[in-house]
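Chemist: Contents of run16.pdb (PDB, C-alpha atoms) are given next:
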```pdb
MODEL        1
ATOM      1  CA  ILE K   1       0.000   0.000   0.000
ATOM      2  CA  HIS K   2       1.866   3.064  -1.268
ATOM      3  CA  LEU K   3       0.764   6.122   0.711
ATOM      4  CA  ALA K   4       3.999   8.098   0.728
ATOM      5  CA  GLY K   5       3.884  11.347  -1.203
ATOM      6  CA  LYS K   6       4.058  15.115  -1.176
ATOM      7  CA  ALA K   7       0.677  16.578  -0.276
ATOM      8  CA  HIS K   8      -1.052  19.368  -2.162
ATOM      9  CA  ASP K   9       0.371  22.709  -1.037
ATOM     10  CA  THR K  10      -2.581  25.113  -1.079
ATOM     11  CA  LYS K  11      -0.243  28.060  -0.411
ATOM     12  CA  ASN K  12       1.843  27.248  -3.523
ATOM     13  CA  ARG K  13       5.148  27.560  -1.688
ATOM     14  CA  SER K  14       6.660  24.272  -2.855
ATOM     15  CA  ALA K  15       8.923  23.926  -5.867
ATOM     16  CA  ALA K  16       7.300  22.007  -8.722
ATOM     17  CA  GLN K  17      10.213  19.589  -9.051
ATOM     18  CA  ALA K  18       9.729  18.396  -5.471
ATOM     19  CA  TYR K  19       6.331  16.958  -6.433
ATOM     20  CA  PHE K  20       7.792  15.012  -9.348
ATOM     21  CA  ASP K  21      10.783  13.792  -7.325
ATOM     22  CA  ILE K  22       8.490  12.377  -4.626
ATOM     23  CA  ASN K  23       5.085  11.654  -6.152
ATOM     24  CA  THR K  24       6.429  10.349  -9.444
ATOM     25  CA  GLY K  25      10.055   9.315  -8.869
ATOM     26  CA  LEU K  26       9.513   7.602  -5.532
ATOM     27  CA  THR K  27       6.442   5.795  -6.867
ATOM     28  CA  GLN K  28       8.450   4.474  -9.801
ATOM     29  CA  LYS K  29      11.088   3.019  -7.456
ATOM     30  CA  ILE K  30       8.516   1.439  -5.152
ATOM     31  CA  PHE K  31       6.498  -0.013  -8.022
ATOM     32  CA  ASP K  32       9.626  -1.483  -9.634
ATOM     33  CA  PHE K  33      10.414  -3.152  -6.304
ATOM     34  CA  PHE K  34       6.867  -4.534  -6.131
ATOM     35  CA  MET K  35       7.049  -6.001  -9.640
ATOM     36  CA  GLU K  36      10.252  -7.852  -8.748
ATOM     37  CA  SER K  37       8.903  -9.048  -5.391
ATOM     38  CA  SER K  38       6.613 -11.932  -4.450
ATOM     39  CA  ALA K  39       3.840  -9.529  -3.369
ATOM     40  CA  GLY K  40       0.594 -10.102  -5.226
ATOM     41  CA  LYS K  41      -1.230  -6.774  -4.813
ATOM     42  CA  PHE K  42      -0.240  -3.114  -5.089
ATOM     43  CA  ILE K  43      -2.444  -0.171  -4.032
ATOM     44  CA  PHE K  44      -1.279   3.276  -5.094
ATOM     45  CA  PHE K  45      -2.895   6.295  -3.496
ATOM     46  CA  SER K  46      -3.263   8.851  -6.250
ATOM     47  CA  SER K  47      -5.829  11.680  -6.103
ATOM     48  CA  VAL K  48      -8.882  12.967  -7.937
ATOM     49  CA  LYS K  49      -6.664  15.984  -8.697
ATOM     50  CA  ALA K  50      -4.796  13.682 -11.082
ATOM     51  CA  ALA K  51      -8.026  13.418 -13.064
ATOM     52  CA  ALA K  52      -9.325  16.991 -12.958
ATOM     53  CA  ASP K  53      -8.787  20.206 -11.046
ATOM     54  CA  SER K  54     -12.425  21.119 -11.689
ATOM     55  CA  VAL K  55     -15.374  18.871 -12.496
ATOM     56  CA  VAL K  56     -17.012  19.457 -15.871
ATOM     57  CA  GLY K  57     -20.593  18.213 -15.753
ATOM     58  CA  ASP K  58     -22.443  16.706 -12.812
ATOM     59  CA  VAL K  59     -20.009  14.102 -11.529
ATOM     60  CA  LEU K  60     -16.394  12.979 -11.981
ATOM     61  CA  THR K  61     -16.030   9.381 -13.170
ATOM     62  CA  GLU K  62     -13.085   7.215 -14.132
ATOM     63  CA  ASP K  63     -13.933   7.707 -17.819
ATOM     64  CA  VAL K  64     -12.721  11.314 -17.757
ATOM     65  CA  VAL K  65      -9.670  12.192 -19.847
ATOM     66  CA  PRO K  66      -7.178  13.366 -17.194
ATOM     67  CA  SER K  67      -6.444  17.088 -17.272
ATOM     68  CA  PRO K  68      -4.666  17.979 -14.026
ATOM     69  CA  ARG K  69      -3.575  21.535 -13.275
ATOM     70  CA  GLY K  70      -0.441  22.223 -11.289
ATOM     71  CA  PRO K  71       2.496  20.070 -10.209
ATOM     72  CA  TYR K  72       0.577  18.067  -7.590
ATOM     73  CA  GLY K  73      -1.988  16.605  -9.981
ATOM     74  CA  GLU K  74       0.510  16.410 -12.832
ATOM     75  CA  SER K  75       3.001  14.437 -10.727
ATOM     76  CA  LYS K  76       0.256  12.050  -9.612
ATOM     77  CA  ILE K  77      -0.958  11.349 -13.146
ATOM     78  CA  ALA K  78       2.646  10.800 -14.267
ATOM     79  CA  ALA K  79       2.968   8.155 -11.543
ATOM     80  CA  GLU K  80      -0.294   6.546 -12.685
ATOM     81  CA  GLU K  81       0.923   6.390 -16.270
ATOM     82  CA  TYR K  82       4.172   4.747 -15.183
ATOM     83  CA  ILE K  83       2.275   2.098 -13.216
ATOM     84  CA  LYS K  84      -0.029   1.376 -16.154
ATOM     85  CA  GLU K  85       2.846   1.193 -18.614
ATOM     86  CA  HIS K  86       4.980  -1.114 -16.491
ATOM     87  CA  SER K  87       2.203  -3.399 -15.285
ATOM     88  CA  SER K  88       0.254  -3.538 -18.569
ATOM     89  CA  PHE K  89      -2.918  -4.392 -16.663
ATOM     90  CA  ARG K  90      -6.116  -4.672 -18.626
ATOM     91  CA  GLU K  91      -9.320  -4.237 -16.636
ATOM     92  CA  GLU K  92     -11.395  -5.924 -19.328
ATOM     93  CA  GLU K  93      -9.167  -9.035 -19.168
ATOM     94  CA  GLY K  94      -9.708  -9.812 -15.505
ATOM     95  CA  GLY K  95      -7.356  -7.181 -14.139
ATOM     96  CA  ARG K  96      -4.188  -9.237 -13.727
ATOM     97  CA  CYS K  97      -0.626  -8.543 -14.795
ATOM     98  CA  SER K  98       1.828 -11.420 -14.468
ATOM     99  CA  GLY K  99      -0.252 -12.876 -11.623
ATOM    100  CA  LYS K 100      -0.349  -9.541  -9.794
ATOM    101  CA  GLN K 101      -3.213  -7.147  -9.156
ATOM    102  CA  VAL K 102      -2.667  -3.380  -9.265
ATOM    103  CA  TYR K 103      -5.056  -0.735  -7.963
ATOM    104  CA  ILE K 104      -4.894   3.034  -8.462
ATOM    105  CA  LEU K 105      -7.118   4.791  -5.935
ATOM    106  CA  ARG K 106      -8.167   8.391  -6.553
ATOM    107  CA  PRO K 107      -9.752   9.611  -3.317
ATOM    108  CA  CYS K 108     -11.284  13.041  -2.948
ATOM    109  CA  MET K 109     -10.625  14.965   0.275
ATOM    110  CA  ILE K 110      -9.850  12.430   3.019
ATOM    111  CA  HIS K 111     -10.851  13.281   6.570
ATOM    112  CA  GLY K 112     -10.987  11.647   9.982
ATOM    113  CA  PRO K 113      -9.978  12.179  13.608
ATOM    114  CA  GLY K 114      -6.742  14.172  13.736
ATOM    115  CA  ASN K 115      -7.380  15.759  10.344
ATOM    116  CA  LYS K 116      -5.121  18.794   9.780
ATOM    117  CA  GLY K 117      -6.421  20.056   6.445
ATOM    118  CA  ASN K 118      -8.998  22.558   5.239
ATOM    119  CA  LEU K 119     -11.790  21.140   7.409
ATOM    120  CA  ASN K 120      -9.796  22.032  10.494
ATOM    121  CA  LEU K 121      -9.187  25.549   9.195
ATOM    122  CA  LEU K 122     -12.905  26.031   8.496
ATOM    123  CA  TYR K 123     -13.781  24.666  11.931
ATOM    124  CA  ASN K 124     -11.496  27.186  13.635
ATOM    125  CA  VAL K 125     -13.226  30.025  11.760
ATOM    126  CA  VAL K 126     -16.673  28.753  12.726
ATOM    127  CA  LYS K 127     -15.571  28.204  16.333
ATOM    128  CA  LYS K 128     -14.623  31.895  16.596
ATOM    129  CA  GLY K 129     -18.161  32.839  15.601
ATOM    130  CA  VAL K 130     -17.119  34.430  12.306
ATOM    131  CA  PRO K 131     -20.164  34.558   9.965
ATOM    132  CA  TRP K 132     -19.930  32.694   6.658
ATOM    133  CA  PRO K 133     -20.643  35.287   3.933
ATOM    134  CA  LEU K 134     -20.915  32.905   0.965
ATOM    135  CA  GLY K 135     -24.247  31.292   1.839
ATOM    136  CA  ALA K 136     -25.755  32.301  -1.510
ATOM    137  CA  PHE K 137     -23.412  29.881  -3.293
ATOM    138  CA  GLU K 138     -25.030  26.419  -3.189
ATOM    139  CA  ASN K 139     -22.206  24.047  -4.050
ATOM    140  CA  ARG K 140     -21.856  20.270  -3.699
ATOM    141  CA  ARG K 141     -18.581  18.556  -2.807
ATOM    142  CA  SER K 142     -17.569  14.953  -2.197
ATOM    143  CA  PHE K 143     -15.529  13.864   0.802
ATOM    144  CA  THR K 144     -13.886  10.611   1.849
ATOM    145  CA  SER K 145     -14.335   9.343   5.390
ATOM    146  CA  ILE K 146     -11.242   7.501   6.646
ATOM    147  CA  ASP K 147     -13.545   4.696   7.815
ATOM    148  CA  ASN K 148     -14.944   4.203   4.315
ATOM    149  CA  LEU K 149     -11.448   4.367   2.855
ATOM    150  CA  CYS K 150     -10.130   1.683   5.218
ATOM    151  CA  TYR K 151     -13.129  -0.486   4.353
ATOM    152  CA  VAL K 152     -12.304  -0.202   0.636
ATOM    153  CA  VAL K 153      -8.601  -0.950   1.156
ATOM    154  CA  GLU K 154      -9.470  -4.041   3.196
ATOM    155  CA  GLY K 155     -11.833  -5.125   0.435
ATOM    156  CA  LEU K 156      -9.152  -4.772  -2.235
ATOM    157  CA  LEU K 157      -6.728  -6.800  -0.131
ATOM    158  CA  THR K 158      -9.096  -9.622   0.805
ATOM    159  CA  ARG K 159     -11.287  -9.996  -2.293
ATOM    160  CA  ASP K 160     -10.575 -10.867  -5.911
ATOM    161  CA  VAL K 161     -11.075  -7.411  -7.433
ATOM    162  CA  ALA K 162      -9.946  -6.564 -10.966
ATOM    163  CA  SER K 163      -6.983  -4.228 -11.342
ATOM    164  CA  GLY K 164      -7.846  -0.704 -12.394
ATOM    165  CA  VAL K 165      -8.358   2.945 -11.567
ATOM    166  CA  TYR K 166     -10.992   3.591  -8.928
ATOM    167  CA  HIS K 167     -12.361   6.891  -7.648
ATOM    168  CA  MET K 168     -13.103   7.023  -3.944
ATOM    169  CA  GLY K 169     -15.583   9.125  -2.000
ATOM    170  CA  ASP K 170     -18.546   8.920   0.339
ATOM    171  CA  ASP K 171     -22.006   8.218  -1.074
ATOM    172  CA  GLU K 172     -23.391  11.711  -0.425
ATOM    173  CA  ALA K 173     -22.000  15.099  -1.444
ATOM    174  CA  LEU K 174     -22.293  18.023   0.987
ATOM    175  CA  SER K 175     -22.397  21.781   0.549
ATOM    176  CA  THR K 176     -20.177  24.197   2.444
ATOM    177  CA  ASN K 177     -23.332  25.542   4.098
ATOM    178  CA  GLU K 178     -24.153  22.028   5.318
ATOM    179  CA  LEU K 179     -20.597  21.612   6.628
ATOM    180  CA  ILE K 180     -20.874  24.815   8.635
ATOM    181  CA  ALA K 181     -24.282  23.773   9.987
ATOM    182  CA  LEU K 182     -22.820  20.431  11.116
ATOM    183  CA  MET K 183     -19.903  22.184  12.812
ATOM    184  CA  CYS K 184     -22.283  24.496  14.658
ATOM    185  CA  GLU K 185     -24.418  21.505  15.653
ATOM    186  CA  VAL K 186     -21.382  19.835  17.235
ATOM    187  CA  LEU K 187     -20.436  23.124  18.935
ATOM    188  CA  GLY K 188     -23.993  23.590  20.175
ATOM    189  CA  ARG K 189     -24.399  26.888  18.353
ATOM    190  CA  ARG K 190     -26.689  28.385  15.745
ATOM    191  CA  PRO K 191     -24.992  28.732  12.349
ATOM    192  CA  HIS K 192     -24.263  32.274  11.142
ATOM    193  CA  ILE K 193     -24.557  31.968   7.367
ATOM    194  CA  TRP K 194     -24.937  35.221   5.461
ATOM    195  CA  ARG K 195     -26.398  35.038   1.974
ATOM    196  CA  MET K 196     -24.610  38.036   0.551
ATOM    197  CA  ASP K 197     -25.363  39.011  -3.047
ATOM    198  CA  ARG K 198     -23.367  36.747  -5.367
ATOM    199  CA  ARG K 199     -22.392  39.483  -7.798
ATOM    200  CA  MET K 200     -21.174  41.665  -4.965
ATOM    201  CA  MET K 201     -19.033  38.855  -3.543
ATOM    202  CA  GLU K 202     -17.637  38.085  -7.005
ATOM    203  CA  GLY K 203     -16.770  41.774  -7.370
ATOM    204  CA  CYS K 204     -15.059  41.775  -3.971
ATOM    205  CA  ALA K 205     -13.089  38.703  -5.000
ATOM    206  CA  GLY K 206     -12.027  40.397  -8.228
ATOM    207  CA  LEU K 207     -10.827  43.391  -6.233
ATOM    208  CA  GLY K 208      -9.036  41.016  -3.894
ATOM    209  CA  THR K 209      -7.141  39.553  -6.853
ATOM    210  CA  LEU K 210      -5.925  43.022  -7.840
ATOM    211  CA  LEU K 211      -4.982  43.998  -4.284
ATOM    212  CA  HIS K 212      -3.625  40.563  -3.262
ATOM    213  CA  LEU K 213      -6.218  40.140  -0.491
ATOM    214  CA  PRO K 214      -7.152  36.807   1.193
ATOM    215  CA  LEU K 215     -10.431  36.559  -0.760
ATOM    216  CA  ASN K 216      -9.603  36.533  -4.456
ATOM    217  CA  THR K 217     -11.223  35.075  -7.566
ATOM    218  CA  GLU K 218      -9.366  31.762  -7.380
ATOM    219  CA  ARG K 219     -10.094  31.255  -3.691
ATOM    220  CA  LEU K 220     -13.763  32.118  -4.214
ATOM    221  CA  ARG K 221     -13.935  29.499  -6.958
ATOM    222  CA  LYS K 222     -12.362  26.863  -4.713
ATOM    223  CA  LEU K 223     -14.718  27.675  -1.848
ATOM    224  CA  THR K 224     -17.902  27.634  -3.906
ATOM    225  CA  GLU K 225     -17.368  25.254  -6.840
ATOM    226  CA  ASN K 226     -19.023  21.868  -7.283
ATOM    227  CA  TYR K 227     -16.738  18.821  -7.094
ATOM    228  CA  VAL K 228     -18.810  15.637  -6.964
ATOM    229  CA  VAL K 229     -16.981  12.322  -7.400
ATOM    230  CA  SER K 230     -18.642   9.049  -8.368
ATOM    231  CA  ASN K 231     -17.854   5.977  -6.253
ATOM    232  CA  ALA K 232     -20.082   3.679  -8.325
ATOM    233  CA  LYS K 233     -17.212   1.728  -9.896
ATOM    234  CA  ILE K 234     -15.482   0.795  -6.639
ATOM    235  CA  LYS K 235     -18.801  -0.198  -5.039
ATOM    236  CA  SER K 236     -19.622  -2.385  -8.018
ATOM    237  CA  ALA K 237     -16.164  -3.984  -7.854
ATOM    238  CA  LEU K 238     -16.638  -4.788  -4.162
ATOM    239  CA  GLY K 239     -20.236  -5.938  -4.652
ATOM    240  CA  ILE K 240     -21.792  -3.403  -2.263
ATOM    241  CA  GLU K 241     -24.672  -0.943  -2.626
ATOM    242  CA  ARG K 242     -23.590   1.598   0.007
ATOM    243  CA  MET K 243     -20.479   2.642   1.862
ATOM    244  CA  PRO K 244     -20.621   1.640   5.551
ATOM    245  CA  VAL K 245     -20.438   5.236   6.841
ATOM    246  CA  ARG K 246     -22.741   8.024   5.678
ATOM    247  CA  ALA K 247     -21.081  11.315   4.709
ATOM    248  CA  GLU K 248     -22.666  13.336   7.541
ATOM    249  CA  GLU K 249     -21.794  10.668  10.102
ATOM    250  CA  GLY K 250     -18.146  10.691   9.046
ATOM    251  CA  ILE K 251     -17.938  14.489   9.016
ATOM    252  CA  VAL K 252     -19.446  14.755  12.522
ATOM    253  CA  LYS K 253     -16.946  12.187  13.833
ATOM    254  CA  THR K 254     -14.087  14.246  12.386
ATOM    255  CA  ILE K 255     -15.449  17.537  13.734
ATOM    256  CA  ARG K 256     -15.871  16.108  17.237
ATOM    257  CA  SER K 257     -12.210  15.089  17.200
ATOM    258  CA  PHE K 258     -11.200  18.746  16.765
ATOM    259  CA  SER K 259     -12.421  19.647  20.249
ATOM    260  CA  ASN K 260     -10.696  16.692  21.945
TER     261      ASN K 260
ENDMDL
END
```
In structure tokens, how does this file's structure come out?
Modeler:
Amino acid sequence: IHLAGKAHDTKNRSAAQAYFDINTGLTQKIFDFFMESSAGKFIFFSSVKAAADSVVGDVLTEDVVPSPRGPYGESKIAAEEYIKEHSSFREEEGGRCSGKQVYILRPCMIHGPGNKGNLNLLYNVVKKGVPWPLGAFENRRSFTSIDNLCYVVEGLLTRDVASGVYHMGDDEALSTNELIALMCEVLGRRPHIWRMDRRMMEGCAGLGTLLHLPLNTERLRKLTENYVVSNAKIKSALGIERMPVRAEEGIVKTIRSFSN
């Protein structure tokens, strides 16, 4: 199970080459070792960012032609291509390569107790009682509960699943407004969600881009865009209809861990 890698740097402070040295170069070395070993299964943790920085249409599936933006996604897709080229697996032929099975997992945002990513940052804002001014933007985003992810990994290890690329996410997508409401519910507070005029907020973001302020056009897009990921293929491969943990249940478990 290859989890090692350089995480997405949202502040863009990392040199591009560092992503390719670690996410691509290290993966190549580890996969070469696997192919020469007696191990029968290999699980590579890629990312949905290797497939697309933004979702075109309603949902992101494995059929999409990869179009990553930035060194993180580009380094991940380069690693995927190396694995495919050097394993020559064919999903339609039973998913085996020289008696081995190879899985490329593309999870969307993973969260769980001890999470240190964007969910934690949003929680700290909500905890301070700062109103959320982007309530007029009704977006939908997919998340991946660590419990669901561990369930899938165990399934790949213990069942005869065809090699291939699999997207990973919870069954339900949530909006940022719903996330904030759940955080307030855990905190025992009423949510302060302001539905400011969309055009006004877009204008403020445009001004922020010119003046290099925290809220700029790119950040507004990231905060309000839709990014729904299909998990239908992995569920079909495992022979299940639902993931064991509902999206809201997983999010609440993560949020509660922040106050411990």
Chemist: Using all atoms listed in the file, which residue out of K:Trp194, K:Tyr103, K:Phe45, K:Tyr19 lies closest to Leu156 in chain K?
Modeler: K:Tyr103
Chemist: Skip Asn120 in chain K itself and residues of its chain fewer than 6 positions away, then list as a PyMOL selection string all residues within 10 Å of it, counting all atoms listed in the file.
Modeler: chain K and resi 111+114+126+254-255+257-258
Chemist: Just the selected residues (C-alpha atoms), exported as a compact mmCIF listing (two decimals), in the coordinates of the input, please.
Modeler:
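Contents of the output file out-v2.txt:
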```txt
# COMPACT_ATOMS: atom_id res chain seq x y z
CA HIS K 111 -10.85 13.28 6.57
CA GLY K 114 -6.74 14.17 13.74
CA VAL K 126 -16.67 28.75 12.73
CA THR K 254 -14.09 14.25 12.39
CA ILE K 255 -15.45 17.54 13.73
CA SER K 257 -12.21 15.09 17.20
CA PHE K 258 -11.20 18.75 16.76
```
Chemist: Would you list the contacts of Ala16 in chain K as a list in words, taking every protein, DNA or RNA residue within 10 Å and counting only C-alpha atoms, but skipping same-chain residues closer than 5 positions in sequence?
Modeler: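 So the residues in contact are Asp21, Gly70, Pro71, Tyr72, Glu74 and Ser75 of chain K.
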Chemist: Rounded to one decimal place, report the CA of Ala136 in chain K-CA of Val245 in chain K distance in Å.
Modeler: 28.8 Å
Chemist: Evaluate the PyMOL selection byres ((chain K and resi 39) around 12) here and jot the selected residues down as a list in words.
Modeler: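 Against this file, the PyMOL selection byres ((chain K and resi 39) around 12) returns the residues Ile1, Phe31, Asp32, Phe33, Phe34, Met35, Glu36, Ser37, Ser38, Gly40, Lys41, Phe42, Ile43, Ser98, Gly99, Lys100, Gln101, Val102 and Leu157 of chain K.
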Chemist: My list of candidates is K:Ala15, K:Ile251, K:Leu26, K:Leu213. Which is closest to Asp147 in chain K when distances are computed with all atoms listed in the file?
Modeler: K:Ile251
Chemist: Apply the PyMOL selection byres ((chain K and resi 6) around 10) to the displayed file and report the matching residues as a compact mmCIF listing (two decimals) with C-alpha atoms, in the frame of the given file.
Modeler:
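Output contents, as saved in result-v5.txt:
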```
# COMPACT_ATOMS: atom_id res chain seq x y z
CA LEU K 3 0.76 6.12 0.71
CA ALA K 4 4.00 8.10 0.73
CA GLY K 5 3.88 11.35 -1.20
CA ALA K 7 0.68 16.58 -0.28
CA HIS K 8 -1.05 19.37 -2.16
CA ASP K 9 0.37 22.71 -1.04
CA SER K 14 6.66 24.27 -2.86
CA ALA K 18 9.73 18.40 -5.47
CA TYR K 19 6.33 16.96 -6.43
CA PHE K 20 7.79 15.01 -9.35
CA ASP K 21 10.78 13.79 -7.32
CA ILE K 22 8.49 12.38 -4.63
CA ASN K 23 5.08 11.65 -6.15
CA THR K 24 6.43 10.35 -9.44
CA TYR K 72 0.58 18.07 -7.59
CA SER K 75 3.00 14.44 -10.73
CA LYS K 76 0.26 12.05 -9.61
```
Chemist: Return the single residue from K:Pro66, K:Ser259, K:Lys253, K:Ser88 that is closest to Leu182 in chain K, with distances computed using only C-alpha atoms.
Modeler: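 The shortest atom-to-atom distance to Leu182 in chain K comes from K:Lys253.
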Chemist: Within 6 Å of (-3.9, 13.4, -5.4) (coordinates as in the file), grab all the protein and nucleic acid residues, counting only C-alpha atoms, and write them out as a PyMOL selection string.
Modeler: chain K and resi 46-50+73
Chemist: Generate a file of the selected residues that holds C-alpha atoms, formatted as a PDB file, in the frame of the given file.
Modeler:
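Written output follows (out.pdb):
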```pdb
ATOM      1  CA  SER K  46      -3.263   8.851  -6.250  1.00  0.00           C
ATOM      2  CA  SER K  47      -5.829  11.680  -6.103  1.00  0.00           C
ATOM      3  CA  VAL K  48      -8.882  12.967  -7.937  1.00  0.00           C
ATOM      4  CA  LYS K  49      -6.664  15.984  -8.697  1.00  0.00           C
ATOM      5  CA  ALA K  50      -4.796  13.682 -11.082  1.00  0.00           C
ATOM      6  CA  GLY K  73      -1.988  16.605  -9.981  1.00  0.00           C
TER       7      GLY K  73
END
```
Chemist: Measuring between all atoms listed in the file, which one of K:Glu218, K:Glu225, K:Asp170, K:Glu138 shows the shortest distance to Arg195 in chain K?
Modeler: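 Closest to Arg195 in chain K of all the choices is K:Glu138.
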Chemist: Rounded to one decimal in Å, what is the spacing between CA of Tyr151 in chain K and CA of Pro68 in chain K?
Modeler: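 About the pair CA of Tyr151 in chain K and CA of Pro68 in chain K: they are 27.4 Å apart.
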Chemist: Nearest to Glu178 in chain K among K:Ala52, K:Ile193, K:Met109, K:Leu210, with distances taken over only C-alpha atoms: which residue is it?
Modeler: K:Ile193
